[in-house]
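A quick write-up on the structure given underneath.
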Amino acid sequence: MSKLANSKRQFLLKYHPIRYAQSRELFLPEATERFLSLFEDPIKGVFNKHKLTFNKIAKPLIKYFDNYLGDSVSSNLYSVYMRELNQEKLDRDSAYKNKQNVLAEKAMLCHLNQEILVLKQYVSFIHSGNNIFEFSPCLLDLFWDTDVDNVLVEDIKLPFPTVYLHFGKQEDKKICTAICETQNMIMESNSANIGNYIDFDLDGAYVSQCRITGALDIVLTSVANQRQKYNNWIDGCEDAKGFTLEIANTGNTVSNSLIEAKNVLRNKNNKYIQDIIDKNNQDLNSITDYHSSHQLILKTAFDRSAEYLKLVINCLLYLQSYPKEIVEDYPIEAPKNLVAQTKRKSVSAVAKKKLEQLGYTKIKFCGRLQQHFEQIEDEIESESTLEVAAMRSPHKRRSHLRKQRYGKGRAQWRYVWIKETTIHKEEYQHSENCYRIYEVEMPHKH
């Protein structure tokens with residue numbers, strides 16, 4: 001591949017599925033084949049949480065782990081530490097301390113747990129058609145401000161079994177799980193190694209939907225705050241956070257599902273602590289401080305990530321409510337001559353094949369066409385303002401979602417977004433935080 005073509009391909013690394021595959025070329029084919037041999041339907045694999053399944057999928061990853069460590073050159077703390085642990089294992093004369101053994105096991109387990117979390121989603125994503133949806137900044141700004149607590153999980157319908165939502169690097173929206181925890185563990189252990197601490201900003205999410213229950217499995221992805229070498233699994237490793245929103249019963253809201261997910265996480269953590277006590281013959285008092293700090297870290301990470309789910313849910317609702325507003329096209333960095341040829345029947349197939357060989361794939365852009373979207377917003381906004389016109393006290397109404405019936409006989413419905421607005425603005429002179437909140441019910445079909 002020419003240097004020019006390769007430099008253009010670098011742009012595609014902003015999409016997690018593409019950089020994920022590029023940095024795992026050694027084991028990805030074997031891991032994918034193993035995963036598919038266990039599950040004919042990848043979605044079933046995504047929702048399978050059995051430990052035995054984890055062990056089977058982990059084998060190809062463990063097999064190639066040393067290969068990636070051997071090629072690792074990054075100076076970040078995580079990579080340096082993993083190389084040092086590996087070297088100690090290889091050095092027969094090293095007095096390999098028990099403490100280091102424990103740290104190595106924890107680091108490896110964290111790494112594998114997270115890797116399999118993403119691998120399952122990636123395989124399902126590929127088999128669902130490689131559908132990447134990129135959202136414009138203006139849509140993201142609207143979605144960040146729109147609460148989804150009362151949205152019914154059963155209302156959310158994915159256009160494909162698994163999709164990837166791309167937000168772009170969201171500054172200061174940190175993902176902190178396996179890698180960050182390992183880095184913190186290294187620093188707390190007073191390890192002598194020298195490396196640069198790295199952290200990660202939210203950049204997208206894989207979302208899969210169970211065909212039977214409608215439950216959602218969501219994996220938040222991130223991008224490092226420093227430029228990474230993505231051609232190596234260890235050096236290009238990134239943090240990810242997984243959630244499952246179950247539909248326990250009809251009428252289950254996003255808020256309720258998150259509470260259930262939090263309880264599951266808390267129970268797993270308590271079991272993990274109890275295992276430590278049993279394994280080391282310790283009493284609870286001896287690890288109380290550790291237990292408390294670990295619980296606090298989990299709560300903080302969960303609450304932060306749950307806030308990010310607001311963006312994910314809004315994006316999913318947009319996909320089902322405004323499919324006509326989504327434009328499928330090649331990225332602007334793709335060779336223009338080949339893109340033009342894809343629109344000519346005589347050479348279309350050849351041009352598409354060349355683009356595929358160069359690594360370019362079509363992206364579904366959300367927010368490029370907003371005329372219809374904004375018009376609906378204005379109509380609903382005017383209607384809502386009339387509804388409260390009789391209320392004289394000035395106030396602000398938060399951004400919110402409304403279910404709107406439309407189509408022939410008003411038989412269909414969709415979500416519409418209503419931006420924050422000031423009611424009776426001319427009389428509004430007091431605190432900017434003077435909000436009045438309205439819950440809008442689903443309109444009845446006449």
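Ordering of the structure tokens sets the chain letters (A, B, ...); residue numbers start at 1 within each chain; ligands are numbered from 1 in the order shown.
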Every residue of stretch 144-191 of chain A that DSSP places in strand (DSSP E or B), as a list in words: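 Matching residues, listed in order: Leu152, Thr162, Val163, Tyr164, Leu165, His166, Lys174 and Ile175 of chain A.
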Secondary structure check, helix (DSSP H, G or I) residues of stretch 227-259 of chain A, as a list in words: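 Those in stretch 227-259 of chain A that DSSP calls helix (DSSP H, G or I) are Val254, Ser255, Asn256, Ser257, Leu258 and Ile259 of chain A.
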Shortest interatomic distance to A:Leu38 - which of A:Leu52, A:Ala340, A:Ile18, A:Val254, counting only C-alpha atoms: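 Going through A:Leu52, A:Ala340, A:Ile18, A:Val254 one by one, the smallest distance to A:Leu38 is for A:Leu52.
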Counting only C-alpha atoms, the residue of A:Gln121, A:Asn232, A:Thr361, A:Thr146 that sits nearest A:Leu69: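 Ranking A:Gln121, A:Asn232, A:Thr361, A:Thr146 by distance to A:Leu69, first place goes to A:Asn232.
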Who sits within 9 Å of A:Gly195, only C-alpha atoms, same chain under 4 positions skipped, as a list in words: Ser74, Ser75, Asn76, Leu77, Tyr78, Ser79, Val80 and Tyr81 of chain A
Distance query A:Ala306 at most 9 Å, only C-alpha atoms, self and fewer than 4 positions along chain excluded, as a list in words: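 Neighbouring residues, sequence-local ones excluded: Phe243, Leu258, Ala301, Phe302 and Lys310 of chain A.
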